[in-house]
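Down below is the structure, laid out as structure tokens.
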Amino acid sequence: MVRLQSLPRGHLQEVALKALLFLAGAAFGLLALLPLPWWGWDSDNLITAFWTLNGQSYAEVFRTVGTLDAHPPLYYLLHKAWMTAWGFGHLTAGLPEAAVPLPHLLAVLFFALLSGSLALAAHDLLGPWAAFAPLGLLFLFWDTPWAFALRMYPLAAALVTLGAWAYLRGRAFAGSLFGLLALYTHYLSGYALLPFALYRLFQDWRERTWRALFPFAVYLLYLPWLPWLLGQVRAGHSYPELRPPPEDLFAYFWQKWPPGVVALFLLLGLVAAWRAPRVRPLLVLALAGPYVWYFTSLLLNTVLTRYNFVFVGPLVLAGAAALAWAPRPARWGASLLLLAAGLFWAHLTRPYWPAWDMVTQARIAERFVERGVPFVLDRWGRGYAAMLAFVAPGLKDKQELLTTGELWRYCNDPRPLLAYRNWFLSPGESLVHRLMLCRGRWREAHDTSALTLFLLPPPGR
């Protein structure tokens, strides 16, 4: 082991500077997100909990994700370890209040890792002036205030950023190691990192020929997961009917920043590519990742646009590189201005209400059911019924999937009713919607954009 006393003083100073840069970047990431709205979980978080905390071992989590999900397993295994460390590794008797904020906190820590990695990479690749420019662009990104609910996406984006940085700096083994972890976190990581990996291989091949392939042998450790990946594809987890057209990839990035920001930085990037040749690789490779995904998706489109958060690290680094041609005072000023604007924007757009809080809905429903109020759900709701019962076990045998035959019985039932309306179903498909029209009166018990809990008073009162 190397003793600290034996390290050159300059090396110690460099290590200390990098540590401070990372901590500063991570602190700004936390500052952009805090204070967090610690509400309950949406369906994605509940699925994660259902597959990891319902008494499963780590091996069972691995197999469950491979069989039932459309993602790789690393996030789920980390989620299991994280919740276990807090004493919530096996939730079989309902969801305690103390466990609710923990997955959100884990995603926030992943976002802090992304922020710290961006500060480090920008400082190393572009210079001290650039340390916080990509953070400002990241905080201006519309998904950032929701990062606490994005599960594996901030982690995948952080690993992609670290991998791209390592490849650009000539550290092929480190880039491949980060790339392997990224692939075990999210499949789109491969698209984001492929241009950087090929660039590194091309550069190293000229000096080392076939030996340049050795650092990429790390990716062979992905082979154990390939059978599960092929099984996911064959099982239909791609859900092609839900996939947007490939062109939506570009609309996604165009619309996720405030108006004019993307156009401005594309123009600045063209100028930088002409006047600052040293940043051309970063500019070209960062933009190449989404295009690799685009052309692949013309044949096999298996992703939702929200997955593209994985690309955000290299893209905001490219945005910082677009300032490299400007005079030094202008670069410093733009970097600090971007950071301030990003922090302000993140707090201005931060969510104050849940988009889809199934935990609160489950707790409300349980209180009504305990008083004898019937609880009915839309027929396309077996998964939601299981998740609600995972939160509130008292609902397990007291939820009824509404059928056409039961619809007319409940229409004239003299008791109050609790109904769960699934907004993924059209009014013609939703039996709960028809029941509400039949009863004539209702009020919202808890509303979200996806599923709403309604209380239906007795008819005629």
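A note on labels: chains of the structure tokens are A, B, ... as shown, every chain counts residues from 1, and ligands are counted from 1 in their shown order.
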*Pull the helix (DSSP H, G or I) assignments for range 25-108 of chain A out of DSSP run on the backbone, and list those residues as an MDAnalysis selection string.*
chainID A and resid 25:33 43:52 58:68 74:85 97:99 102:108
Please produce a file of those selected residues containing N, CA and C atoms, as a compact mmCIF listing (two decimals), in the first residue's frame.
```
# COMPACT_ATOMS: atom_id res chain seq x y z
N GLY A 25 -19.22 19.85 -6.57
CA GLY A 25 -20.23 19.52 -7.58
C GLY A 25 -21.39 18.75 -6.98
N ALA A 26 -21.08 17.77 -6.12
CA ALA A 26 -22.14 17.00 -5.47
C ALA A 26 -23.00 17.89 -4.57
N ALA A 27 -22.36 18.82 -3.87
CA ALA A 27 -23.11 19.73 -2.98
C ALA A 27 -24.06 20.61 -3.79
N PHE A 28 -23.59 21.09 -4.95
CA PHE A 28 -24.49 21.89 -5.80
C PHE A 28 -25.64 21.03 -6.31
N GLY A 29 -25.37 19.75 -6.60
CA GLY A 29 -26.46 18.87 -7.01
C GLY A 29 -27.50 18.71 -5.93
N LEU A 30 -27.06 18.55 -4.69
CA LEU A 30 -28.00 18.47 -3.57
C LEU A 30 -28.75 19.79 -3.39
N LEU A 31 -28.03 20.89 -3.55
CA LEU A 31 -28.66 22.20 -3.39
C LEU A 31 -29.75 22.42 -4.44
N ALA A 32 -29.54 21.88 -5.65
CA ALA A 32 -30.53 22.04 -6.70
C ALA A 32 -31.82 21.28 -6.40
N LEU A 33 -31.71 20.17 -5.65
CA LEU A 33 -32.88 19.33 -5.40
C LEU A 33 -33.55 19.57 -4.06
N SER A 43 -45.85 4.08 -9.30
CA SER A 43 -45.89 2.65 -9.62
C SER A 43 -44.49 2.09 -9.85
N ASP A 44 -43.59 2.86 -10.45
CA ASP A 44 -42.24 2.36 -10.69
C ASP A 44 -41.52 2.05 -9.38
N ASN A 45 -41.64 2.96 -8.41
CA ASN A 45 -41.01 2.71 -7.12
C ASN A 45 -41.66 1.55 -6.39
N LEU A 46 -42.99 1.41 -6.55
CA LEU A 46 -43.67 0.30 -5.90
C LEU A 46 -43.30 -1.03 -6.54
N ILE A 47 -43.14 -1.05 -7.87
CA ILE A 47 -42.69 -2.27 -8.54
C ILE A 47 -41.30 -2.65 -8.04
N THR A 48 -40.43 -1.65 -7.93
CA THR A 48 -39.08 -1.91 -7.42
C THR A 48 -39.14 -2.50 -6.02
N ALA A 49 -39.94 -1.91 -5.16
CA ALA A 49 -40.06 -2.41 -3.79
C ALA A 49 -40.68 -3.80 -3.77
N PHE A 50 -41.69 -4.01 -4.61
CA PHE A 50 -42.39 -5.29 -4.65
C PHE A 50 -41.44 -6.42 -5.04
N TRP A 51 -40.51 -6.12 -5.95
CA TRP A 51 -39.59 -7.14 -6.45
C TRP A 51 -38.32 -7.29 -5.62
N THR A 52 -38.09 -6.37 -4.70
CA THR A 52 -36.83 -6.43 -3.94
C THR A 52 -37.03 -6.57 -2.44
N TYR A 58 -30.97 -11.77 -2.67
CA TYR A 58 -30.35 -11.06 -3.78
C TYR A 58 -30.42 -11.89 -5.06
N ALA A 59 -30.23 -13.19 -4.95
CA ALA A 59 -30.32 -14.05 -6.14
C ALA A 59 -31.73 -14.03 -6.70
N GLU A 60 -32.74 -14.01 -5.83
CA GLU A 60 -34.12 -13.95 -6.29
C GLU A 60 -34.43 -12.62 -6.94
N VAL A 61 -33.86 -11.54 -6.42
CA VAL A 61 -34.04 -10.23 -7.04
C VAL A 61 -33.47 -10.25 -8.45
N PHE A 62 -32.28 -10.82 -8.61
CA PHE A 62 -31.64 -10.92 -9.93
C PHE A 62 -32.55 -11.66 -10.91
N ARG A 63 -33.09 -12.79 -10.48
CA ARG A 63 -33.93 -13.60 -11.37
C ARG A 63 -35.27 -12.91 -11.64
N THR A 64 -35.84 -12.26 -10.62
CA THR A 64 -37.12 -11.58 -10.81
C THR A 64 -37.00 -10.46 -11.81
N VAL A 65 -35.95 -9.65 -11.70
CA VAL A 65 -35.74 -8.56 -12.64
C VAL A 65 -35.55 -9.12 -14.05
N GLY A 66 -34.75 -10.17 -14.19
CA GLY A 66 -34.53 -10.75 -15.51
C GLY A 66 -35.79 -11.30 -16.13
N THR A 67 -36.70 -11.79 -15.29
CA THR A 67 -37.91 -12.41 -15.81
C THR A 67 -39.03 -11.40 -16.06
N LEU A 68 -39.18 -10.41 -15.19
CA LEU A 68 -40.37 -9.56 -15.21
C LEU A 68 -40.13 -8.13 -15.66
N LEU A 74 -28.69 -3.98 -11.76
CA LEU A 74 -27.81 -3.36 -10.77
C LEU A 74 -28.57 -2.43 -9.84
N TYR A 75 -29.44 -1.57 -10.38
CA TYR A 75 -30.17 -0.65 -9.51
C TYR A 75 -31.00 -1.41 -8.48
N TYR A 76 -31.64 -2.48 -8.90
CA TYR A 76 -32.50 -3.23 -7.99
C TYR A 76 -31.69 -3.87 -6.87
N LEU A 77 -30.50 -4.36 -7.19
CA LEU A 77 -29.64 -4.94 -6.17
C LEU A 77 -29.15 -3.87 -5.19
N LEU A 78 -28.80 -2.69 -5.73
CA LEU A 78 -28.40 -1.59 -4.85
C LEU A 78 -29.57 -1.12 -3.99
N HIS A 79 -30.75 -1.08 -4.59
CA HIS A 79 -31.95 -0.70 -3.83
C HIS A 79 -32.19 -1.67 -2.68
N LYS A 80 -32.04 -2.95 -2.95
CA LYS A 80 -32.20 -3.97 -1.91
C LYS A 80 -31.17 -3.75 -0.79
N ALA A 81 -29.90 -3.52 -1.16
CA ALA A 81 -28.85 -3.32 -0.16
C ALA A 81 -29.10 -2.04 0.64
N TRP A 82 -29.53 -0.99 -0.03
CA TRP A 82 -29.78 0.30 0.62
C TRP A 82 -30.91 0.18 1.64
N MET A 83 -32.02 -0.42 1.23
CA MET A 83 -33.15 -0.56 2.16
C MET A 83 -32.82 -1.51 3.30
N THR A 84 -32.03 -2.54 3.02
CA THR A 84 -31.62 -3.47 4.07
C THR A 84 -30.74 -2.76 5.09
N ALA A 85 -29.85 -1.89 4.63
CA ALA A 85 -28.97 -1.16 5.55
C ALA A 85 -29.77 -0.29 6.51
N GLU A 97 -43.86 4.22 7.47
CA GLU A 97 -43.65 5.60 7.03
C GLU A 97 -42.16 5.92 6.90
N ALA A 98 -41.34 5.35 7.79
CA ALA A 98 -39.91 5.66 7.76
C ALA A 98 -39.23 5.16 6.50
N ALA A 99 -39.84 4.16 5.82
CA ALA A 99 -39.23 3.61 4.62
C ALA A 99 -39.55 4.41 3.37
N LEU A 102 -36.73 6.74 1.62
CA LEU A 102 -35.40 6.19 1.40
C LEU A 102 -35.07 5.96 -0.08
N PRO A 103 -35.96 5.41 -0.92
CA PRO A 103 -35.62 5.29 -2.34
C PRO A 103 -35.40 6.65 -3.00
N HIS A 104 -36.16 7.66 -2.57
CA HIS A 104 -35.94 9.01 -3.09
C HIS A 104 -34.55 9.52 -2.71
N LEU A 105 -34.17 9.27 -1.47
CA LEU A 105 -32.85 9.71 -1.02
C LEU A 105 -31.75 9.00 -1.80
N LEU A 106 -31.95 7.72 -2.11
CA LEU A 106 -30.96 6.99 -2.91
C LEU A 106 -30.80 7.63 -4.28
N ALA A 107 -31.90 7.97 -4.94
CA ALA A 107 -31.83 8.63 -6.25
C ALA A 107 -31.15 9.99 -6.15
N VAL A 108 -31.38 10.70 -5.04
CA VAL A 108 -30.73 12.00 -4.84
C VAL A 108 -29.22 11.82 -4.72
```
*asked:* Residues within 8 Å of range 264-270 of chain A, please, as number ranges by chain. Count only C-alpha atoms; anything in the same chain fewer than 3 positions from it doesn't count.
replied: A: 260-261, 273-274, 283, 318-319, 321-323
C-alpha atoms of the current selection, written as an mmCIF file, in the first residue's frame:
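result_1.cif written:
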```cif
data_model
loop_
_atom_site.group_PDB
_atom_site.id
_atom_site.type_symbol
_atom_site.label_atom_id
_atom_site.label_comp_id
_atom_site.auth_asym_id
_atom_site.auth_seq_id
_atom_site.Cartn_x
_atom_site.Cartn_y
_atom_site.Cartn_z
ATOM 1 C CA GLY A 260 -33.607 28.873 -27.072
ATOM 2 C CA VAL A 261 -30.995 27.131 -24.909
ATOM 3 C CA ALA A 273 -15.554 23.003 -33.353
ATOM 4 C CA TRP A 274 -14.029 25.512 -35.798
ATOM 5 C CA LEU A 283 -18.547 17.696 -29.125
ATOM 6 C CA ALA A 318 -20.503 19.221 -24.773
ATOM 7 C CA GLY A 319 -22.490 22.328 -23.881
ATOM 8 C CA ALA A 321 -17.138 22.703 -24.409
ATOM 9 C CA ALA A 322 -19.125 24.979 -26.728
ATOM 10 C CA LEU A 323 -17.806 27.912 -24.663
#
```
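With distances restricted to only C-alpha atoms, A:Met436 is the closest residue to Pro459 in chain A from A:Val359, A:Ala341, A:Met436, A:Leu348.
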*Give me, please, the distance in Å between CA of Ala334 in chain A and CA of Val15 in chain A, quoted to one decimal.*
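For CA of Ala334 in chain A relative to CA of Val15 in chain A, the distance reads 26.6 Å.
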*Distance query Val218 in chain A at most 10 Å, only C-alpha atoms, self and fewer than 2 positions along chain excluded, as an NGL selection string*: :A and (173-180 or 213-216 or 220-222)
_I'd like the contact shell of Lys256 in chain A - 8 Å cut-off, only C-alpha atoms, skipping same-chain residues fewer than 4 positions apart - returned as a list of chain:residue names._
A:Phe141, A:Trp142, A:Asp143, A:Tyr252
With a cut-off of 10 Å, could you pull out the residues of range 87-202 of chain A touching range 379-397 of chain A and give me the nearest pair of atoms for each, distance in Å to one decimal, using only C-alpha atoms, ordered by chain and ascending number, as CSV?
```
residue,atom,partner,partner_atom,distance
A:Leu91,CA,A:Phe390,CA,8.4
A:Thr92,CA,A:Phe390,CA,7.7
A:Ala93,CA,A:Pro393,CA,6.6
A:Gly94,CA,A:Val391,CA,4.9
A:Leu95,CA,A:Val391,CA,4.9
A:Pro96,CA,A:Val391,CA,8.3
```
*Closest of A:Phe22, A:Phe368, A:Phe196, A:Phe424 to Gly116 in chain A - atom-to-atom distances counting only C-alpha atoms*: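 Closest candidate: A:Phe22.
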_Under the rule that only C-alpha atoms are counted, which of A:Ala324, A:Leu201, A:Leu17, A:Val312 is the nearest residue to Gly127 in chain A?_
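Once distances to Gly127 in chain A are computed over only C-alpha atoms, the minimum belongs to A:Ala324.
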*Could you pull out the residues in range 287-430 of chain A that DSSP calls strand (DSSP E) from the backbone, as a list of chain:residue names?*
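Taking range 287-430 of chain A and keeping strand (DSSP E) gives A:Phe375, A:Val376, A:Leu377, A:Gln399, A:Glu400, A:Leu401, A:Leu417, A:Leu418, A:Ala419, A:Tyr420, A:Arg421, A:Asn422.
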*For Pro458 in chain A, which residue out of A:Gln232, A:Asn412, A:Ser426, A:Gln361 is the nearest one, using only C-alpha atoms?*
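Using only C-alpha atoms, the shortest distance to Pro458 in chain A belongs to A:Asn412.
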*Which one of A:Leu181, A:Val373, A:Leu230, A:Leu339 sits closest to Phe139 in chain A if you count only C-alpha atoms?*
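Checking each of A:Leu181, A:Val373, A:Leu230, A:Leu339 against Phe139 in chain A, counting only C-alpha atoms, the winner is A:Leu339.
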*For Cys411 in chain A, list every protein, DNA or RNA residue within 10 Å, evaluated using only C-alpha atoms, and leave out those in the same chain fewer than 6 positions away; present the list as a ChimeraX atom specification.*
/A:417,434-440,458-459
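In this structure, CA of Phe250 in chain A sits 21.2 Å away from CA of Ala158 in chain A.
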*asked:* Can you measure CA of Gly289 in chain A to CA of Val233 in chain A for me? One decimal in Å is fine.
replied: 22.1 Å
*Find, counting only C-alpha atoms, the residue in A:Asp413, A:Glu366, A:Glu14, A:Glu247 that gets nearest to Leu456 in chain A.*
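Using only C-alpha atoms, Leu456 in chain A sits closest to A:Asp413.
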